[in-house]
>>> print(open('final20.tsv').read())   # TSV, C-alpha atoms
chain	number	residue	atom	x	y	z
A	1	MET	CA	-29.50	-41.79	36.69
A	2	PRO	CA	-31.43	-38.51	36.28
A	3	GLU	CA	-29.85	-35.76	34.20
A	4	VAL	CA	-27.83	-33.26	36.22
A	5	LEU	CA	-29.43	-29.82	36.18
A	6	LYS	CA	-27.84	-26.76	34.61
A	7	ALA	CA	-28.93	-23.13	34.54
A	8	PRO	CA	-27.56	-19.86	33.14
A	9	LEU	CA	-26.90	-17.35	35.90
A	10	VAL	CA	-25.97	-13.66	35.88
A	11	VAL	CA	-24.40	-11.78	38.78
A	12	GLU	CA	-24.12	-8.03	38.22
A	13	PHE	CA	-23.85	-4.87	40.28
A	14	PRO	CA	-22.59	-1.29	39.91
A	15	PHE	CA	-19.17	-0.79	41.53
A	16	THR	CA	-18.69	2.80	42.73
A	17	ARG	CA	-15.27	4.12	43.69
A	18	SER	CA	-13.70	7.48	44.37
A	19	LEU	CA	-10.50	8.57	42.65
A	20	GLY	CA	-7.26	9.92	44.02
A	21	PRO	CA	-5.54	12.92	42.41
A	22	VAL	CA	-3.56	10.89	39.87
A	23	GLN	CA	-6.39	8.69	38.61
A	24	SER	CA	-8.70	11.70	38.62
A	25	ALA	CA	-6.31	13.61	36.36
A	26	PHE	CA	-5.87	10.61	34.05
A	27	LEU	CA	-9.61	10.12	33.48
A	28	THR	CA	-10.30	13.84	33.25
A	29	GLY	CA	-7.59	14.00	30.59
A	30	LEU	CA	-9.18	11.20	28.58
A	31	ARG	CA	-12.42	13.13	28.60
A	32	GLU	CA	-10.49	16.02	26.98
A	33	ARG	CA	-8.67	13.69	24.51
A	34	VAL	CA	-5.39	13.95	26.41
A	35	VAL	CA	-3.37	11.02	27.81
A	36	LEU	CA	-1.50	11.69	31.04
A	37	GLY	CA	1.18	9.58	32.65
A	38	VAL	CA	3.13	10.07	35.83
A	39	ARG	CA	6.90	10.52	36.07
A	40	THR	CA	8.87	8.56	38.67
A	41	GLY	CA	11.88	9.81	40.59
A	42	ASP	CA	14.27	8.08	38.15
A	43	GLY	CA	12.62	9.62	35.10
A	44	ARG	CA	10.34	6.80	33.89
A	45	THR	CA	6.86	7.72	32.65
A	46	LEU	CA	4.10	5.30	33.63
A	47	VAL	CA	0.90	4.99	31.58
A	48	PRO	CA	-1.66	4.29	32.96
A	49	PRO	CA	-0.44	6.38	35.89
A	50	VAL	CA	-0.24	5.09	39.45
A	51	GLU	CA	0.10	6.99	42.69
A	52	TYR	CA	3.05	5.02	44.04
A	53	ASP	CA	6.20	3.90	42.27
A	54	PRO	CA	5.90	0.10	41.80
A	55	VAL	CA	9.68	-0.26	42.30
A	56	THR	CA	10.42	2.09	45.20
A	57	ALA	CA	6.89	2.52	46.65
A	58	GLU	CA	7.48	6.28	46.74
A	59	GLU	CA	4.48	8.56	46.20
A	60	ILE	CA	4.51	10.10	42.71
A	61	ARG	CA	2.37	13.02	41.52
A	62	ASP	CA	4.38	14.54	38.62
A	63	LEU	CA	1.90	14.32	35.73
A	64	VAL	CA	3.17	14.45	32.15
A	65	GLU	CA	1.32	14.28	28.85
A	66	VAL	CA	2.20	11.56	26.33
A	67	ALA	CA	1.27	11.19	22.67
A	68	PRO	CA	-1.91	9.45	21.38
A	69	THR	CA	0.31	7.39	19.06
A	70	GLY	CA	2.38	4.39	20.05
A	71	THR	CA	3.81	0.94	19.35
A	72	VAL	CA	2.33	-2.51	19.93
A	73	THR	CA	4.55	-4.49	22.28
A	74	THR	CA	2.47	-7.68	22.32
A	75	TRP	CA	-1.03	-8.78	21.31
A	76	ALA	CA	-3.60	-11.59	21.15
A	77	TRP	CA	-6.44	-11.99	18.65
A	78	ASN	CA	-10.01	-12.10	19.95
A	79	HIS	CA	-12.06	-14.16	17.47
A	80	ALA	CA	-15.37	-13.84	19.30
A	81	PRO	CA	-15.99	-10.57	21.19
A	82	ARG	CA	-18.20	-10.88	24.24
A	83	ARG	CA	-20.90	-8.65	25.65
A	84	GLY	CA	-19.53	-5.35	26.91
A	85	GLN	CA	-16.16	-5.57	25.14
A	86	PRO	CA	-14.88	-2.51	23.24
A	87	LEU	CA	-15.74	-3.79	19.74
A	88	THR	CA	-18.46	-6.06	18.40
A	89	THR	CA	-16.33	-7.44	15.55
A	90	PRO	CA	-13.16	-9.57	16.00
A	91	PHE	CA	-10.21	-7.49	17.24
A	92	ALA	CA	-6.83	-7.76	18.94
A	93	TRP	CA	-6.14	-7.17	22.60
A	94	ALA	CA	-2.88	-5.22	22.50
A	95	LEU	CA	-0.37	-3.74	24.89
A	96	VAL	CA	0.54	-0.35	23.43
A	97	ARG	CA	3.49	1.74	24.61
A	98	LEU	CA	2.45	5.29	23.81
A	99	ASP	CA	5.14	7.65	22.53
A	100	GLY	CA	6.71	9.24	25.58
A	101	ALA	CA	5.76	6.41	27.93
A	102	ASP	CA	7.90	3.63	29.39
A	103	THR	CA	5.03	1.22	30.11
A	104	ALA	CA	2.26	-0.22	27.96
A	105	LEU	CA	-1.49	0.34	28.07
A	106	LEU	CA	-3.90	-2.57	27.44
A	107	HIS	CA	-6.76	-1.87	25.04
A	108	ALA	CA	-8.52	-3.11	21.91
A	109	LEU	CA	-6.88	-2.75	18.49
A	110	ASP	CA	-9.25	-2.59	15.53
A	111	ALA	CA	-7.70	-4.51	12.62
A	112	PRO	CA	-9.15	-6.50	9.70
A	113	GLY	CA	-7.61	-9.76	10.88
A	114	PRO	CA	-4.73	-11.32	12.84
A	115	GLY	CA	-2.53	-11.14	9.74
A	116	ALA	CA	-2.74	-7.34	9.92
A	117	VAL	CA	-1.33	-7.20	13.47
A	118	HIS	CA	2.29	-7.58	14.51
A	119	THR	CA	4.54	-6.63	17.37
A	120	GLY	CA	6.16	-3.28	16.62
A	121	MET	CA	3.29	-1.95	14.48
A	122	ARG	CA	2.40	1.70	14.87
A	123	VAL	CA	-1.05	2.61	16.16
A	124	ARG	CA	-3.01	5.61	17.38
A	125	ILE	CA	-5.97	6.22	19.65
A	126	ARG	CA	-9.45	6.35	18.19
A	127	TRP	CA	-11.40	8.54	20.57
A	128	ALA	CA	-15.02	7.84	21.48
A	129	ALA	CA	-17.51	10.33	20.06
A	130	GLU	CA	-18.93	10.97	23.53
A	131	ARG	CA	-16.51	11.01	26.46
A	132	THR	CA	-17.36	10.98	30.15
A	133	GLY	CA	-14.04	10.50	31.92
A	134	ALA	CA	-13.53	6.75	31.70
A	135	ILE	CA	-11.14	4.31	30.01
A	136	THR	CA	-13.88	3.79	27.40
A	137	ASP	CA	-13.19	7.35	26.21
A	138	ILE	CA	-10.52	5.51	24.22
A	139	ALA	CA	-12.81	3.65	21.83
A	140	CYS	CA	-9.87	1.52	20.63
A	141	PHE	CA	-6.52	1.76	18.85
A	142	GLU	CA	-6.21	1.67	15.06
A	143	PRO	CA	-3.27	1.15	12.65
A	144	TYR	CA	-1.33	4.33	11.95
A	145	ASP	CA	1.44	5.09	9.48
A	146	GLY	CA	1.68	8.86	9.91
A	147	ASP	CA	4.12	11.02	11.82
A	148	ARG	CA	4.43	10.81	15.57
A	149	ALA	CA	1.89	13.08	17.27
A	150	GLU	CA	3.28	15.52	19.78
A	151	PRO	CA	1.64	16.22	23.17
A	152	ALA	CA	-0.12	19.57	23.35
A	153	GLY	CA	1.01	20.36	26.88
A	154	HIS	CA	-2.38	20.24	28.61
A	155	ALA	CA	-1.32	18.46	31.79
A	156	GLY	CA	-2.99	19.94	34.85
A	157	GLU	CA	-5.13	22.50	32.98
A	158	PHE	CA	-8.55	20.84	33.15
A	159	GLU	CA	-11.65	22.12	34.91
A	160	ASP	CA	-14.45	20.06	36.48
A	161	PRO	CA	-12.25	17.04	37.30
A	162	VAL	CA	-13.64	13.51	37.41
A	163	THR	CA	-13.70	12.48	41.08
A	164	GLY	CA	-15.39	9.09	40.92
A	165	ILE	CA	-16.52	6.33	38.59
A	166	VAL	CA	-19.27	3.73	38.49
A	167	ALA	CA	-18.17	0.53	36.79
A	168	ALA	CA	-20.72	-2.16	35.91
A	169	ALA	CA	-19.48	-5.53	37.16
A	170	ARG	CA	-21.13	-8.54	35.50
A	171	LEU	CA	-20.49	-12.29	35.50
A	172	ASP	CA	-22.36	-14.63	33.14
A	173	TYR	CA	-21.94	-18.33	33.77
A	174	THR	CA	-23.66	-21.70	33.65
A	175	TYR	CA	-24.20	-23.29	37.05
A	176	SER	CA	-24.62	-27.01	37.66
A	177	PRO	CA	-25.55	-28.08	41.20
A	178	GLY	CA	-24.18	-31.60	40.73
A	179	ARG	CA	-25.69	-35.00	41.42
A	180	ALA	CA	-26.64	-34.55	45.08
A	181	GLN	CA	-28.26	-31.16	44.78
A	182	THR	CA	-29.98	-32.12	41.51
A	183	ALA	CA	-31.77	-34.86	43.46
A	184	TYR	CA	-32.57	-32.34	46.21
A	185	ILE	CA	-34.06	-29.85	43.72
A	186	ASN	CA	-36.03	-32.54	41.89
A	187	ALA	CA	-37.51	-33.71	45.20
A	188	LEU	CA	-38.56	-30.15	46.05
A	189	SER	CA	-40.66	-30.07	42.87
A	190	GLY	CA	-42.72	-32.83	44.51
A	191	HIS	CA	-42.93	-30.92	47.83
A	192	ARG	CA	-40.41	-33.27	49.43
A	193	THR	CA	-37.10	-32.45	51.10
A	194	VAL	CA	-34.29	-34.99	50.92
A	195	GLY	CA	-30.81	-34.99	52.35
A	196	GLU	CA	-27.95	-37.47	52.32
A	197	ARG	CA	-26.59	-39.46	55.25
A	198	CYS	CA	-22.87	-39.72	55.93
A	199	PRO	CA	-21.83	-43.40	56.10
A	200	ALA	CA	-19.27	-42.59	58.80
A	201	CYS	CA	-20.86	-40.16	61.30
A	202	ARG	CA	-24.47	-40.96	60.23
A	203	LYS	CA	-25.45	-37.28	60.12
A	204	VAL	CA	-28.00	-36.15	57.55
A	205	TYR	CA	-27.15	-33.00	55.63
A	206	VAL	CA	-29.72	-30.79	53.90
A	207	PRO	CA	-29.17	-29.52	51.29
A	208	PRO	CA	-26.89	-32.46	50.43
A	209	ARG	CA	-23.38	-31.73	49.19
A	210	GLY	CA	-22.32	-35.13	47.89
A	211	ALA	CA	-19.77	-35.39	50.67
A	212	CYS	CA	-19.86	-35.09	54.44
A	213	PRO	CA	-18.48	-31.67	55.49
A	214	THR	CA	-17.27	-33.21	58.76
A	215	CYS	CA	-15.79	-36.54	57.68
A	216	GLY	CA	-14.96	-35.72	54.07
A	217	VAL	CA	-16.36	-39.00	52.74
A	218	ALA	CA	-18.79	-39.34	49.84
A	219	THR	CA	-22.50	-39.57	50.61
A	220	ALA	CA	-25.15	-41.37	48.57
A	221	GLU	CA	-27.89	-42.63	50.93
A	222	GLN	CA	-30.93	-40.36	50.52
A	223	VAL	CA	-33.06	-39.55	53.56
A	224	GLU	CA	-36.35	-37.64	53.48
A	225	VAL	CA	-36.59	-35.03	56.24
A	226	GLY	CA	-39.17	-32.57	57.53
A	227	PRO	CA	-41.36	-31.11	56.33
A	228	ARG	CA	-41.60	-29.42	59.72
A	229	GLY	CA	-38.64	-27.95	61.55
A	230	THR	CA	-37.36	-25.64	64.26
A	231	VAL	CA	-36.02	-22.09	64.05
A	232	THR	CA	-32.50	-22.17	65.46
A	233	THR	CA	-31.35	-18.59	64.78
A	234	PHE	CA	-32.81	-15.71	62.77
A	235	CYS	CA	-32.31	-12.13	61.64
A	236	ILE	CA	-34.75	-9.25	60.99
A	237	VAL	CA	-34.33	-7.61	57.57
A	238	ASN	CA	-35.11	-3.87	57.48
A	239	ILE	CA	-33.92	-2.99	53.96
A	240	LYS	CA	-36.19	-3.64	50.97
A	241	ALA	CA	-34.34	-5.62	48.32
A	242	LYS	CA	-34.62	-4.67	44.67
A	243	ASN	CA	-37.06	-6.86	42.70
A	244	LEU	CA	-38.19	-8.65	45.87
A	245	ASP	CA	-41.87	-8.06	46.62
A	246	ILE	CA	-41.71	-8.52	50.40
A	247	GLU	CA	-42.64	-5.76	52.81
A	248	VAL	CA	-40.05	-4.90	55.46
A	249	PRO	CA	-39.33	-5.76	58.13
A	250	TYR	CA	-39.30	-9.49	57.58
A	251	VAL	CA	-37.39	-12.44	59.04
A	252	TYR	CA	-34.93	-14.93	57.57
A	253	ALA	CA	-34.02	-17.87	59.75
A	254	HIS	CA	-31.94	-21.00	59.97
A	255	ILE	CA	-34.40	-23.89	60.17
A	256	ALA	CA	-33.44	-27.37	61.35
A	257	LEU	CA	-35.87	-29.68	59.59
A	258	ASP	CA	-36.92	-32.73	61.57
A	259	GLY	CA	-34.40	-35.50	60.88
A	260	ALA	CA	-31.67	-33.17	59.54
A	261	ASP	CA	-28.33	-32.38	61.16
A	262	LEU	CA	-27.78	-29.09	59.35
A	263	ALA	CA	-30.06	-26.03	59.38
A	264	LEU	CA	-31.14	-24.51	56.08
A	265	HIS	CA	-32.08	-20.92	55.26
A	266	GLY	CA	-35.71	-19.80	54.83
A	267	ARG	CA	-38.07	-16.84	55.27
A	268	ILE	CA	-40.57	-16.85	58.14
A	269	GLY	CA	-44.10	-15.65	57.43
A	270	GLY	CA	-47.56	-15.84	58.95
A	271	ILE	CA	-46.38	-14.27	62.19
A	272	PRO	CA	-45.33	-10.72	63.19
A	273	TYR	CA	-41.60	-10.28	62.77
A	274	ASP	CA	-41.14	-9.41	66.45
A	275	GLU	CA	-42.74	-12.70	67.54
A	276	VAL	CA	-40.26	-14.93	65.74
A	277	ARG	CA	-38.03	-16.70	68.24
A	278	MET	CA	-35.54	-19.50	68.65
A	279	GLY	CA	-37.30	-22.84	69.07
A	280	LEU	CA	-40.35	-21.78	67.04
A	281	ARG	CA	-41.84	-24.79	65.22
A	282	VAL	CA	-42.52	-24.08	61.53
A	283	GLU	CA	-43.72	-25.78	58.33
A	284	PRO	CA	-43.25	-24.94	54.64
A	285	VAL	CA	-45.76	-22.98	52.56
A	286	TRP	CA	-45.75	-23.80	48.84
A	287	THR	CA	-47.09	-21.56	46.11
A	288	GLN	CA	-48.55	-22.98	42.90
A	289	GLY	CA	-45.87	-24.02	40.43
A	290	ALA	CA	-42.99	-23.20	42.80
A	291	ARG	CA	-40.03	-25.60	43.06
A	292	HIS	CA	-39.19	-24.54	46.61
A	293	PRO	CA	-41.12	-23.33	49.67
A	294	ASP	CA	-42.14	-19.68	49.47
A	295	HIS	CA	-41.73	-19.33	53.24
A	296	TYR	CA	-42.20	-21.15	56.52
A	297	ARG	CA	-45.05	-20.47	58.97
A	298	PRO	CA	-45.71	-21.47	62.58
A	299	THR	CA	-47.25	-24.91	63.10
A	300	GLY	CA	-48.94	-24.04	66.38
A	301	GLU	CA	-46.92	-26.68	68.24
A	302	PRO	CA	-45.16	-25.82	71.50
A	303	ASP	CA	-41.65	-24.40	71.04
A	304	ALA	CA	-38.87	-26.95	70.82
A	305	ASP	CA	-36.68	-27.43	73.86
A	306	TYR	CA	-33.30	-25.73	73.50
A	307	ASP	CA	-31.41	-28.98	74.09
A	308	THR	CA	-33.00	-30.50	70.95
A	309	TYR	CA	-31.39	-27.96	68.59
A	310	LYS	CA	-28.45	-26.42	70.45
A	311	GLU	CA	-25.95	-28.46	68.40
A	312	LEU	CA	-27.34	-26.92	65.19
A	313	LEU	CA	-26.82	-23.24	66.08
>>> encode(input="final20.tsv", output="structure tokens")
Amino acid sequence: MPEVLKAPLVVEFPFTRSLGPVQSAFLTGLRERVVLGVRTGDGRTLVPPVEYDPVTAEEIRDLVEVAPTGTVTTWAWNHAPRRGQPLTTPFAWALVRLDGADTALLHALDAPGPGAVHTGMRVRIRWAAERTGAITDIACFEPYDGDRAEPAGHAGEFEDPVTGIVAAARLDYTYSPGRAQTAYINALSGHRTVGERCPACRKVYVPPRGACPTCGVATAEQVEVGPRGTVTTFCIVNIKAKNLDIEVPYVYAHIALDGADLALHGRIGGIPYDEVRMGLRVEPVWTQGARHPDHYRPTGEPDADYDTYKELL
């Protein structure tokens, strides 16, 4: 049995969001080395602040400054920091209840080892050297055995408030397509397209999934399909994608390969975008060294009759 494929994949994008008045004040305060919470109707102070009381759902806007010192309420040791985490050396993730607050803030605690961390230990904020109005303005917490710091009373006095943030979202993972799709990908390297036939309904699915999506039974019988096929539906793309060297507008289509009972996705080339149509007969175009078709182009055959592909729309 051939080895199942694996590949490292990264999904990342910038996430942009606007801030309401409470979150804006909190992040603006961090930029000025001030920690703000919000006071609820029953006198509790929440840090980080929220705009609605989690108990009563009432809107809350009464900002109050708390101290940069606090107490660890619980923690977990991080032996191997990952990319983008607050510290590059081992550290503790800790919930810290700042002096004057009734809730705890999650952040990194810089300590020489897990033996140096305990619930109830006193800590203080280590501020980042450069601050922009983000949670990373708190570089981390550090052990502290001095006197309790008192708030300076800066709540609500800041100019040029932070009104929005851009957070980088990133996911690193290893993807394995499994047995069925490994066979499909390996066949593509030989300019062949294979699917798998359901033993119950006898439909051929491309790309194969290892199980019939209709009957739910396992599939194993390989069937070569195509290489030609029929455009069933399509869309015209008018926005140029980053790192994709294709001039707009261009067309992506669902293509029912001959012998398949499920349409796959592919780009249509070799024809003006406004001449692409349902029923157009197409064939794959391979580039040197590619493991999948670069695009599909018209074969010159007459268009397929609608009744031959209407069940695949």
>>> closest_residue(input="final20.tsv", among="A:Leu98, A:Leu63, A:Leu262, A:Val276", to="Pro249 in chain A", atoms="all atoms listed in the file")
A:Val276
>>> residues_around(input="final20.tsv", residues="range 237-243 of chain A", least_positions_apart="4", cutoff="12 Å", atoms="only C-alpha atoms", output="list in words")
Phe13, Glu247, Val248, Pro249, Tyr250, Val251, Tyr252, Ala253, Arg267, Ile268, Tyr273 and Asp274 of chain A
>>> atom_distance(input="final20.tsv", atom1="CA of Arg44 in chain A", atom2="CA of Val64 in chain A")
10.6 Å
>>> residues_around(input="final20.tsv", residues="Met278 in chain A", least_positions_apart="4", cutoff="7 Å", atoms="all atoms listed in the file", output="PyMOL selection string")
chain A and resi 231-233
>>> residues_around(input="final20.tsv", residues="range 23-34 of chain A", least_positions_apart="2", cutoff="7 Å", atoms="all atoms listed in the file", output="list in words")
Leu19, Gly20, Pro21, Leu36, Pro49, Arg131, Thr132, Gly133, Ala134, Ile135, Asp137, Pro161, Val162 and Thr163 of chain A
>>> axis_aligned_box(input="final20.tsv", around="range 195-198 of chain A", padding_each_side="8 Å", output="AutoDock Vina command-line options")
--center_x -26.8 --center_y -37.4 --center_z 54.1 --size_x 23.9 --size_y 20.7 --size_z 19.6
>>> atom_distance(input="final20.tsv", atom1="CA of Asp53 in chain A", atom2="CA of Thr40 in chain A")
6.5 Å
>>> closest_residue(input="final20.tsv", among="A:Ala7, A:Cys235, A:Leu105, A:Val55", to="Glu275 in chain A", atoms="all atoms listed in the file")
A:Cys235
>>> atom_distance(input="final20.tsv", atom1="CA of Asn78 in chain A", atom2="CA of Tyr175 in chain A")
24.9 Å
>>> closest_residue(input="final20.tsv", among="A:Thr214, A:Thr16, A:Gln222, A:Thr88", to="Tyr184 in chain A", atoms="only C-alpha atoms")
A:Gln222
>>> residues_near_point(input="final20.tsv", point="(-14.8, -9.8, 21.2)", cutoff="12 Å", atoms="all atoms listed in the file", output="ChimeraX atom specification")
/A:76-93,107-110
>>> closest_residue(input="final20.tsv", among="A:Glu65, A:Glu221, A:Asp294, A:Glu159", to="Ile246 in chain A", atoms="all atoms listed in the file")
A:Asp294
>>> closest_residue(input="final20.tsv", among="A:Pro207, A:Pro143, A:Pro293, A:Pro272", to="Thr119 in chain A", atoms="all atoms listed in the file")
A:Pro143
>>> closest_residue(input="final20.tsv", among="A:Glu12, A:His292, A:Glu51, A:Glu301", to="Gly190 in chain A", atoms="all atoms listed in the file")
A:His292
>>> residues_around(input="final20.tsv", residues="Leu5 in chain A", least_positions_apart="5", cutoff="8 Å", atoms="all atoms listed in the file", output="list in words")
Ser176, Pro177, Gly178 and Thr182 of chain A
>>> residues_around(input="final20.tsv", residues="Gly229 in chain A", least_positions_apart="5", cutoff="8 Å", atoms="only C-alpha atoms", output="PyMOL selection string")
chain A and resi 255-258+281-283
